[in-house]
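What follows is a set of notes on a single structure, which appears directly below.
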Amino acid sequence: MKKMLKLALIAAAAVATFGASAQEFPVKDKTITIVVPYAAGGPTDRVARDLAEAIRKPLGGISVVVDNSAGAGSTIGSAKAARAAPDGYTLLLNHVSMATMPTMYRKLAFNVANDFEYLGIINDVPMTLIARPTMPANNYKELAAWLQQNKGKINLGNAGQGSASHLCGLMFQSAVQVDMTAVPYKGTAPAITDLIGGQIDLLCDQTTNTTSQIEGKKVKAYAVTTTKRLTTPALKDLPTLAESGVKDFSVTIWHGLYAPKGTPAPVLAKLNDALKVALKDPEFIKKQEGLGAVVATDKRIEPAEHKKFVLSETEKFGVAIKAAGSYAD
């Protein structure tokens, strides 16, 4: 009986200590690590580093660092974050891959829906459909005809399995119902280099990677993947794919912030409050606009709406992935 009472007292003390530490979060001499499941220097890494600077202010000036744990279509870094201590000091910043991993990978070391606490959507990044400079089509109507005439001979580049360009390419193929040969690269840079050189025909990628190429007329641009036209000077004359005849087509690459499952509610509340403040930071907004991204201001910045949105995106992308048979072990 005494032993049971002693164990109960120890457990109660542990709970009390854990609750107190949650209330004190964040402790100034500790560091928050944002795990980015991609290599340094890419668009998602830049978003994370901008956010790290903006979010540290509303968290009392605590140090916030970025940990690039790249590989296997973002599954390595995501698994690392899922296994981290649920104390608020390790977070995950990932893009639309959160909605595609459940379908794309037959085996995952984590459950996207259940092994994370959802903190909020950060931004949306539009995509553009571009082609080699020698492509004979000069507008989307002509491109659509060219696609029909060249079935089985079209090379569609992407930046690797699970990349934004890979996902956009799958969605585009599904929408136009034209099979294309996927040509994966180790990143966007070599894909665009080969597109400019004419080794591949098409690429659908983020404005962060394509705007300068379009502006410099190094590639041909046909449309944007958003529901409305963009206001960026170099892209403002591009129609949307939806208005060009690809019915209901809409793909944007969003970024979200996550914590390991089991992170205490008071800690999650403080992190979400800090995220909301960061998303209103003028310097952060300016930096994101420079990347061609639109900072989130809608209900998806709330945890429940963030999760609801990701689950709906999982269903949408799942249809295209299954149709293309694009799976990885």
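Ordering of the structure tokens sets the chain letters (A, B, ...), residue numbers begin anew at 1 in every chain, and ligands are numbered from 1 in the order given.
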
Mind listing the helix (DSSP H, G or I) residues of range 16-85 of chain A, per DSSP on the backbone, as a ChimeraX atom specification? /A:16-24,43-56,72-83

Name the residues in contact with Ala175 in chain A at a cut-off of 9 Å, using only C-alpha atoms, excluding same-chain residues fewer than 6 positions from it; report them as number ranges by chain. A: 246-249, 320

Could you save those same residues with C-alpha atoms as a PDB file, in the first residue's frame?
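Final output, part.pdb:
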ATOM      1  CA  VAL A 246      -8.421  23.074 -67.548  1.00  0.00           C
ATOM      2  CA  LYS A 247     -11.573  22.848 -65.473  1.00  0.00           C
ATOM      3  CA  ASP A 248     -11.331  23.544 -61.726  1.00  0.00           C
ATOM      4  CA  PHE A 249      -7.531  23.324 -61.788  1.00  0.00           C
ATOM      5  CA  ALA A 320      -3.887  12.207 -58.845  1.00  0.00           C
TER       6      ALA A 320
END

Mind checking which residues fall within 6 Å of range 43-55 of chain A, counting only C-alpha atoms, ignoring those fewer than 6 positions away in the same chain, and posting them as a PDB file with C-alpha atoms, in the first residue's frame?
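Just written: part_37.pdb:
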ATOM      1  CA  VAL A  64      15.207  29.814 -32.998  1.00  0.00           C
ATOM      2  CA  ALA A 274       3.472  33.625 -31.745  1.00  0.00           C
ATOM      3  CA  ALA A 278       4.939  36.512 -36.979  1.00  0.00           C
TER       4      ALA A 278
END

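The list of residues with at least one atom within 9 Å of Phe317 in chain A, based on only C-alpha atoms and without residues fewer than 4 positions apart in the same chain, reads A:Ala99, A:Thr100, A:Thr103, A:Leu167, A:Leu170, A:Met171, A:Ser312, A:Glu313, A:Ile321, A:Lys322.
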
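Comparing the minimum interatomic distances between Phe172 in chain A and each of A:Asp281, A:Glu142, A:Asp205, A:Asp87, counting only C-alpha atoms, we find that A:Asp205 sits nearest.
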